[in-house]
$ cat coords_8.cif   # mmCIF, C-alpha atoms and all ligand atoms
data_model
loop_
_atom_site.label_atom_id
_atom_site.label_comp_id
_atom_site.auth_asym_id
_atom_site.auth_seq_id
_atom_site.Cartn_x
_atom_site.Cartn_y
_atom_site.Cartn_z
CA MET A 1 81.28 70.17 -171.46
CA ALA A 2 83.65 67.54 -172.74
CA THR A 3 82.51 63.97 -172.73
CA VAL A 4 85.00 61.29 -171.83
CA THR A 5 84.52 58.05 -173.66
CA PRO A 6 85.68 55.04 -171.66
CA ALA A 7 88.34 52.97 -173.34
CA VAL A 8 87.02 49.83 -174.93
CA GLY A 9 87.08 46.86 -172.60
CA ILE A 10 87.25 48.84 -169.34
CA ARG A 11 84.12 48.74 -167.22
CA ALA A 12 82.98 51.53 -165.01
CA PRO A 13 84.05 51.07 -161.36
CA SER A 14 80.45 50.62 -160.28
CA ALA A 15 80.27 47.48 -162.37
CA TRP A 16 83.26 45.87 -160.68
CA PRO A 17 82.31 43.00 -158.45
CA LEU A 18 82.90 43.86 -154.79
CA ALA A 19 84.23 40.41 -154.08
CA ILE A 20 87.51 41.13 -155.87
CA ALA A 21 88.15 44.40 -154.07
CA ASP A 22 91.51 44.57 -152.31
CA PRO A 23 90.62 43.75 -148.70
CA VAL A 24 93.25 46.19 -147.49
CA GLU A 25 91.48 49.00 -149.31
CA SER A 26 88.06 48.04 -148.00
CA LEU A 27 86.95 49.14 -144.58
CA THR A 28 83.61 47.46 -144.68
CA PRO A 29 84.14 44.66 -142.20
CA ILE A 30 82.87 41.18 -142.83
CA GLN A 31 80.22 40.68 -140.19
CA HIS A 32 80.86 37.55 -138.14
CA PRO A 33 78.80 38.03 -134.96
CA SER A 34 80.00 36.56 -131.69
CA PRO A 35 77.55 35.75 -128.88
CA ASN A 36 80.22 36.72 -126.34
CA PHE A 37 79.37 40.30 -125.37
CA GLY A 38 77.16 42.36 -123.08
CA PRO A 39 76.23 45.98 -122.40
CA ARG A 40 78.97 48.41 -121.40
CA ARG A 41 78.67 49.05 -117.66
CA ASP A 42 77.95 52.33 -115.87
CA GLY A 43 77.14 54.11 -119.12
CA LEU A 44 80.78 53.91 -120.23
CA THR A 45 81.78 54.48 -123.84
CA PRO A 46 85.08 53.56 -125.50
CA SER A 47 88.05 55.68 -124.41
CA LEU A 48 90.70 53.04 -125.13
CA VAL A 49 91.64 50.61 -127.87
CA VAL A 50 93.39 47.40 -126.78
CA ILE A 51 95.53 45.62 -129.35
CA HIS A 52 96.02 41.85 -129.10
CA TYR A 53 97.50 38.97 -130.98
CA THR A 54 95.46 35.80 -131.21
CA ALA A 55 98.31 33.35 -130.43
CA MET A 56 96.59 30.94 -132.80
CA THR A 57 97.71 29.34 -136.04
CA SER A 58 95.04 30.83 -138.31
CA ALA A 59 92.37 33.50 -138.49
CA THR A 60 89.76 30.80 -139.00
CA ALA A 61 90.73 29.10 -135.76
CA ALA A 62 90.63 32.47 -133.98
CA LEU A 63 87.19 33.27 -135.42
CA ASP A 64 85.88 29.94 -134.16
CA ARG A 65 87.23 30.54 -130.66
CA LEU A 66 86.11 34.17 -130.47
CA CYS A 67 82.57 33.06 -131.39
CA ASP A 68 82.43 29.96 -129.19
CA PRO A 69 80.01 30.55 -126.29
CA VAL A 70 81.97 28.05 -124.19
CA ALA A 71 85.21 30.04 -124.57
CA GLU A 72 83.54 33.25 -123.31
CA VAL A 73 86.03 35.46 -125.16
CA SER A 74 85.58 37.88 -128.04
CA ALA A 75 86.84 41.11 -129.56
CA HIS A 76 85.23 43.80 -131.66
CA TYR A 77 87.51 43.15 -134.63
CA LEU A 78 89.86 40.53 -136.02
CA ILE A 79 92.36 41.34 -138.77
CA SER A 80 93.98 38.55 -140.80
CA ARG A 81 97.57 38.52 -142.02
CA THR A 82 96.36 39.60 -145.46
CA GLY A 83 94.27 42.47 -144.07
CA THR A 84 90.81 40.91 -144.07
CA LEU A 85 88.71 42.64 -141.44
CA TRP A 86 85.97 40.90 -139.48
CA GLN A 87 83.64 42.57 -137.00
CA LEU A 88 82.44 40.28 -134.23
CA VAL A 89 80.87 42.71 -131.74
CA ASP A 90 79.28 46.16 -132.26
CA GLU A 91 81.44 48.98 -130.95
CA ASP A 92 78.57 50.06 -128.68
CA MET A 93 78.76 46.75 -126.86
CA ARG A 94 81.19 45.32 -124.31
CA ALA A 95 83.34 42.60 -125.87
CA TRP A 96 85.23 40.18 -123.64
CA HIS A 97 88.87 40.65 -124.59
CA ALA A 98 90.76 42.45 -121.82
CA GLY A 99 90.04 40.55 -118.60
CA VAL A 100 91.50 41.56 -115.27
CA GLY A 101 93.73 44.62 -115.42
CA GLU A 102 94.01 48.35 -115.15
CA TRP A 103 95.18 51.31 -117.20
CA ALA A 104 95.66 54.90 -116.05
CA GLY A 105 93.95 54.09 -112.76
CA GLU A 106 90.82 52.61 -114.33
CA GLY A 107 89.56 49.03 -114.18
CA ASP A 108 86.84 47.23 -116.19
CA ILE A 109 88.81 47.83 -119.37
CA ASN A 110 86.22 45.89 -121.38
CA SER A 111 83.61 48.55 -120.65
CA ARG A 112 86.03 51.32 -121.66
CA SER A 113 87.61 49.87 -124.76
CA ILE A 114 87.42 48.47 -128.23
CA GLY A 115 89.38 45.25 -128.68
CA ILE A 116 91.25 44.41 -131.87
CA GLU A 117 92.73 40.95 -132.38
CA LEU A 118 95.54 40.48 -134.88
CA ASP A 119 95.95 37.05 -136.41
CA ASN A 120 99.48 36.25 -135.24
CA THR A 121 101.03 33.33 -133.41
CA GLY A 122 103.15 35.64 -131.28
CA ALA A 123 106.31 34.35 -132.92
CA HIS A 124 106.28 36.04 -136.31
CA PRO A 125 106.21 39.64 -137.62
CA PHE A 126 102.98 41.46 -138.45
CA PRO A 127 102.67 41.63 -142.27
CA GLU A 128 102.28 44.94 -144.10
CA PRO A 129 98.63 44.39 -145.26
CA GLN A 130 97.62 43.61 -141.68
CA MET A 131 99.36 46.72 -140.32
CA ARG A 132 97.82 48.92 -143.01
CA GLN A 133 94.36 47.63 -142.22
CA LEU A 134 94.96 48.12 -138.49
CA GLU A 135 95.98 51.73 -139.11
CA ARG A 136 92.84 52.36 -141.09
CA VAL A 137 90.62 50.83 -138.43
CA LEU A 138 92.38 52.74 -135.65
CA THR A 139 92.02 56.02 -137.50
CA GLN A 140 88.28 55.47 -137.88
CA ILE A 141 87.82 54.44 -134.26
CA GLN A 142 89.81 57.46 -133.08
CA THR A 143 87.49 59.71 -135.05
CA ARG A 144 84.27 57.98 -134.03
CA TRP A 145 85.01 57.99 -130.30
CA ALA A 146 87.51 60.87 -129.96
CA ILE A 147 90.21 58.55 -128.61
CA PRO A 148 93.66 60.17 -128.35
CA ALA A 149 96.94 58.44 -129.17
CA ARG A 150 97.50 57.72 -125.50
CA GLY A 151 94.31 55.67 -125.46
CA ILE A 152 95.69 53.07 -127.87
CA ILE A 153 97.43 50.41 -125.81
CA GLY A 154 98.53 46.78 -125.83
CA HIS A 155 96.98 44.02 -123.78
CA SER A 156 100.29 43.64 -121.90
CA ASP A 157 100.16 47.32 -120.87
CA MET A 158 97.02 46.82 -118.79
CA ALA A 159 97.77 43.29 -117.55
CA PRO A 160 101.52 43.22 -116.72
CA GLY A 161 102.83 39.74 -116.02
CA ARG A 162 99.55 38.13 -117.12
CA LYS A 163 99.46 39.07 -120.79
CA PHE A 164 102.29 39.63 -123.29
CA ASP A 165 100.47 40.58 -126.48
CA PRO A 166 100.83 42.15 -128.99
CA GLY A 167 104.42 41.25 -128.10
CA PRO A 168 107.94 42.40 -128.97
CA LYS A 169 107.47 42.07 -132.74
CA PHE A 170 104.65 44.60 -132.88
CA ASP A 171 105.70 47.91 -134.47
CA TRP A 172 104.54 50.52 -131.94
CA PRO A 173 106.91 53.23 -133.29
CA ARG A 174 105.15 52.92 -136.66
CA LEU A 175 101.80 53.66 -135.00
CA ALA A 176 103.32 56.49 -132.95
CA ARG A 177 104.61 58.20 -136.10
CA GLN A 178 100.99 58.43 -137.26
CA ASN A 179 99.69 59.62 -133.90
CA LEU A 180 98.05 56.23 -133.40
CA ALA A 181 100.05 55.51 -130.23
CA MET A 182 102.30 57.38 -127.82
CA ALA A 183 105.98 57.85 -128.64
CA SER A 184 108.82 57.68 -126.13
CA SER A 185 109.60 60.97 -124.43
CA GLY A 186 113.37 60.65 -124.63
CA GLN A 187 113.57 62.30 -121.21
CA THR A 188 116.36 60.74 -119.17
CA ALA A 189 116.20 60.43 -115.41
CA GLN A 190 118.67 62.04 -113.04
CA ASP A 191 118.58 58.98 -110.85
CA ALA A 192 117.34 55.66 -112.20
CA ASN A 193 115.84 54.22 -109.05
CA TRP A 194 112.73 52.12 -108.60
CA PRO A 195 110.49 54.65 -106.85
CA SER A 196 111.16 57.17 -109.61
CA PHE A 197 110.57 54.55 -112.28
CA ARG A 198 107.30 53.40 -110.72
CA ALA A 199 106.14 57.02 -110.54
CA ALA A 200 107.08 57.68 -114.19
CA ALA A 201 105.45 54.46 -115.39
CA HIS A 202 102.33 55.30 -113.37
CA LEU A 203 102.12 58.69 -115.04
CA ALA A 204 102.41 57.00 -118.44
CA GLY A 205 99.41 54.78 -117.61
CA PHE A 206 101.03 51.65 -116.14
CA THR A 207 99.01 51.60 -112.91
CA ALA A 208 98.05 47.92 -112.70
CA PRO A 209 99.41 46.41 -109.47
CA CYS A 210 102.63 44.42 -110.02
CA ASP A 211 106.16 44.10 -108.65
CA ASN A 212 109.10 46.11 -109.96
CA GLN A 213 110.49 43.51 -112.35
CA THR A 214 107.05 42.78 -113.82
CA LEU A 215 106.49 46.48 -114.36
CA LEU A 216 109.88 46.87 -116.03
CA ARG A 217 109.15 43.94 -118.30
CA ALA A 218 105.77 45.37 -119.30
CA VAL A 219 107.24 48.81 -120.03
CA ARG A 220 110.06 47.30 -122.10
CA LEU A 221 107.68 45.01 -123.97
CA ARG A 222 105.88 48.12 -125.15
CA HIS A 223 108.70 50.66 -125.47
CA ARG A 224 112.10 48.84 -125.48
CA PRO A 225 111.26 45.32 -126.68
CA HIS A 226 114.87 44.20 -127.05
CA ALA A 227 116.20 45.59 -123.77
CA THR A 228 117.48 43.32 -121.03
CA GLY A 229 119.30 43.73 -117.74
CA PRO A 230 118.83 46.08 -114.82
CA LEU A 231 116.82 49.30 -114.74
CA THR A 232 118.66 52.12 -116.51
CA ALA A 233 118.08 55.74 -117.52
CA ALA A 234 117.07 54.44 -120.97
CA ASP A 235 113.97 52.86 -119.44
CA PHE A 236 112.84 56.31 -118.29
CA ALA A 237 113.56 57.75 -121.73
CA ALA A 238 111.48 55.02 -123.32
CA LEU A 239 108.34 56.03 -121.45
CA PRO A 240 106.01 58.59 -123.01
CA SER A 241 105.73 61.79 -121.04
CA GLY A 242 102.80 61.68 -118.63
ZN ZN B 301 95.23 39.74 -125.61
#

$ encode --input "coords_8.cif" --output "structure tokens" --more "lines below"
Ligand SMILES: [Zn+2]
Amino acid sequence: MATVTPAVGIRAPSAWPLAIADPVESLTPIQHPSPNFGPRRDGLTPSLVVIHYTAMTSATAALDRLCDPVAEVSAHYLISRTGTLWQLVDEDMRAWHAGVGEWAGEGDINSRSIGIELDNTGAHPFPEPQMRQLERVLTQIQTRWAIPARGIIGHSDMAPGRKFDPGPKFDWPRLARQNLAMASSGQTAQDANWPSFRAAAHLAGFTAPCDNQTLLRAVRLRHRPHATGPLTAADFAALPSG
């Protein structure tokens, strides 16, 4: 058996200090426990992942708020713009991130989901290291809980008109290409009328009660973020097949 002699001056990987590891490459979250959680209700386990942006100026400010007992909000994970991953609540537990809403006919989204906050003001793009870390976390969660692509949604999907995150700058097609979200069906409608659109959106999961324009805005926010104007056949094509 040949013996490989390490080059002079290069230490074995095991001797490298963990602190300098690329945070994007590490999936060991920094534990930063929040007191804002409870048990999942009715024996529910995660079948959804809800993606958020923090709408705050820094990850530090978001960490403080998500761990403030007075704020009564939390999430399971927070990912910084450089890809640092914090875990605030155990996945077994019910974090307080979704609030009132509904997806695919089901309420109490907090009991059914894992919440991921992305450090983003809502006005700027999501940097590459943050997206890469999100993809890694999503892949692991999908495996751990057997969550399909259709179970990965945005906060605005389940709370139309009330929430708008992760917003129009979030790259859903990128996630869809990796089977980490649903892609548009491309199926055009014969007749682009409201009853048909409501039925198609309902099939795709948009079941939370709201008026037609609010529903259209929520669907576009997720699937046609730059679209404006009246309902068209393209809005049907943008929806995933049910
Ligand atoms: Zn949110």

$ residues_around --input "coords_8.cif" --residues "A:Glu135" --least-positions-apart "4" --cutoff "9 Å" --atoms "all atoms listed in the file" --output "PyMOL selection string"
chain A and resi 130-131+139-140+175+178+180

$ residues_around --input "coords_8.cif" --residues "A:Arg220" --least-positions-apart "6" --cutoff "8 Å" --atoms "all atoms listed in the file" --output "JSON list (two decimals) with C-alpha atoms, in the coordinates of the input"
[["chain", "number", "residue", "atom", "x", "y", "z"],
["A", 226, "HIS", "CA", 114.87, 44.20, -127.05],
["A", 227, "ALA", "CA", 116.20, 45.59, -123.77],
["A", 235, "ASP", "CA", 113.97, 52.86, -119.44],
["A", 238, "ALA", "CA", 111.48, 55.02, -123.32]]

$ atom_distance --input "coords_8.cif" --atom1 "atom CA of A:Ala233" --atom2 "atom CA of A:Phe206"
17.6 Å

$ closest_residue --input "coords_8.cif" --among "A:Gly161, A:Pro168, A:Gly151, A:Gly229" --to "A:Arg112" --atoms "only C-alpha atoms"
A:Gly151

$ closest_atom_pairs --input "coords_8.cif" --of "chain A" --to "ligand ZN 301 (chain B)" --cutoff "7 Å" --atoms "all atoms listed in the file" --output "JSON lines"
{"residue": "A:Ile51", "atom": "CA", "partner": "B:ZN301", "partner_atom": "ZN", "distance": 7.0}
{"residue": "A:His52", "atom": "CA", "partner": "B:ZN301", "partner_atom": "ZN", "distance": 4.2}
{"residue": "A:Tyr53", "atom": "CA", "partner": "B:ZN301", "partner_atom": "ZN", "distance": 5.9}
{"residue": "A:Thr54", "atom": "CA", "partner": "B:ZN301", "partner_atom": "ZN", "distance": 6.9}
{"residue": "A:His97", "atom": "CA", "partner": "B:ZN301", "partner_atom": "ZN", "distance": 6.5}
{"residue": "A:Ala98", "atom": "CA", "partner": "B:ZN301", "partner_atom": "ZN", "distance": 6.5}
{"residue": "A:His155", "atom": "CA", "partner": "B:ZN301", "partner_atom": "ZN", "distance": 5.0}
{"residue": "A:Lys163", "atom": "CA", "partner": "B:ZN301", "partner_atom": "ZN", "distance": 6.4}
{"residue": "A:Asp165", "atom": "CA", "partner": "B:ZN301", "partner_atom": "ZN", "distance": 5.4}
{"residue": "A:Pro166", "atom": "CA", "partner": "B:ZN301", "partner_atom": "ZN", "distance": 7.0}

$ closest_residue --input "coords_8.cif" --among "A:Cys210, A:Leu203, A:Leu134, A:Ile153" --to "A:Tyr77" --atoms "all atoms listed in the file"
A:Leu134

$ atom_distance --input "coords_8.cif" --atom1 "atom CA of A:Pro209" --atom2 "atom CA of A:Pro230"
20.1 Å

$ atom_distance --input "coords_8.cif" --atom1 "atom CA of A:Pro29" --atom2 "atom CA of A:Thr84"
7.9 Å

$ closest_residue --input "coords_8.cif" --among "A:Ala75, A:Ala123, A:Ala61, A:Leu66" --to "A:Phe170" --atoms "all atoms listed in the file"
A:Ala123

$ closest_residue --input "coords_8.cif" --among "A:Gly38, A:Arg81, A:Arg222, A:Ser241" --to "A:Phe126" --atoms "all atoms listed in the file"
A:Arg81

$ closest_residue --input "coords_8.cif" --among "A:Val70, A:Ile79, A:Leu63, A:Ala208" --to "A:Val137" --atoms "only C-alpha atoms"
A:Ile79

$ residues_around --input "coords_8.cif" --residues "A:Trp145" --least-positions-apart "5" --cutoff "10 Å" --atoms "only C-alpha atoms" --output "list of chain:residue names"
A:Thr45, A:Pro46, A:Ser47, A:Leu48, A:Glu91, A:Gln140

$ closest_residue --input "coords_8.cif" --among "A:Ile147, A:Ala104, A:Leu221, A:Val89" --to "A:Pro35" --atoms "all atoms listed in the file"
A:Val89

$ axis_aligned_box --input "coords_8.cif" --around "stretch 61-70 of chain A" --padding-each-side "6 Å" --output "lines of an AutoDock Vina configuration file"
center_x = 85.4
center_y = 31.1
center_z = -130.0
size_x = 22.7
size_y = 18.1
size_z = 23.6

$ residues_around --input "coords_8.cif" --residues "A:Ala189" --least-positions-apart "3" --cutoff "12 Å" --atoms "only C-alpha atoms" --output "tab-separated table (two decimals) with C-alpha atoms, keeping the file's coordinate frame"
chain	number	residue	atom	x	y	z
A	185	SER	CA	109.60	60.97	-124.43
A	186	GLY	CA	113.37	60.65	-124.63
A	192	ALA	CA	117.34	55.66	-112.20
A	193	ASN	CA	115.84	54.22	-109.05
A	194	TRP	CA	112.73	52.12	-108.60
A	195	PRO	CA	110.49	54.65	-106.85
A	196	SER	CA	111.16	57.17	-109.61
A	197	PHE	CA	110.57	54.55	-112.28
A	199	ALA	CA	106.14	57.02	-110.54
A	200	ALA	CA	107.08	57.68	-114.19
A	231	LEU	CA	116.82	49.30	-114.74
A	232	THR	CA	118.66	52.12	-116.51
A	233	ALA	CA	118.08	55.74	-117.52
A	234	ALA	CA	117.07	54.44	-120.97
A	235	ASP	CA	113.97	52.86	-119.44
A	236	PHE	CA	112.84	56.31	-118.29
A	237	ALA	CA	113.56	57.75	-121.73
A	238	ALA	CA	111.48	55.02	-123.32
A	239	LEU	CA	108.34	56.03	-121.45
A	241	SER	CA	105.73	61.79	-121.04

$ residues_around --input "coords_8.cif" --residues "A:Ala55" --least-positions-apart "5" --cutoff "6 Å" --atoms "all atoms listed in the file" --output "count of residues only"
3
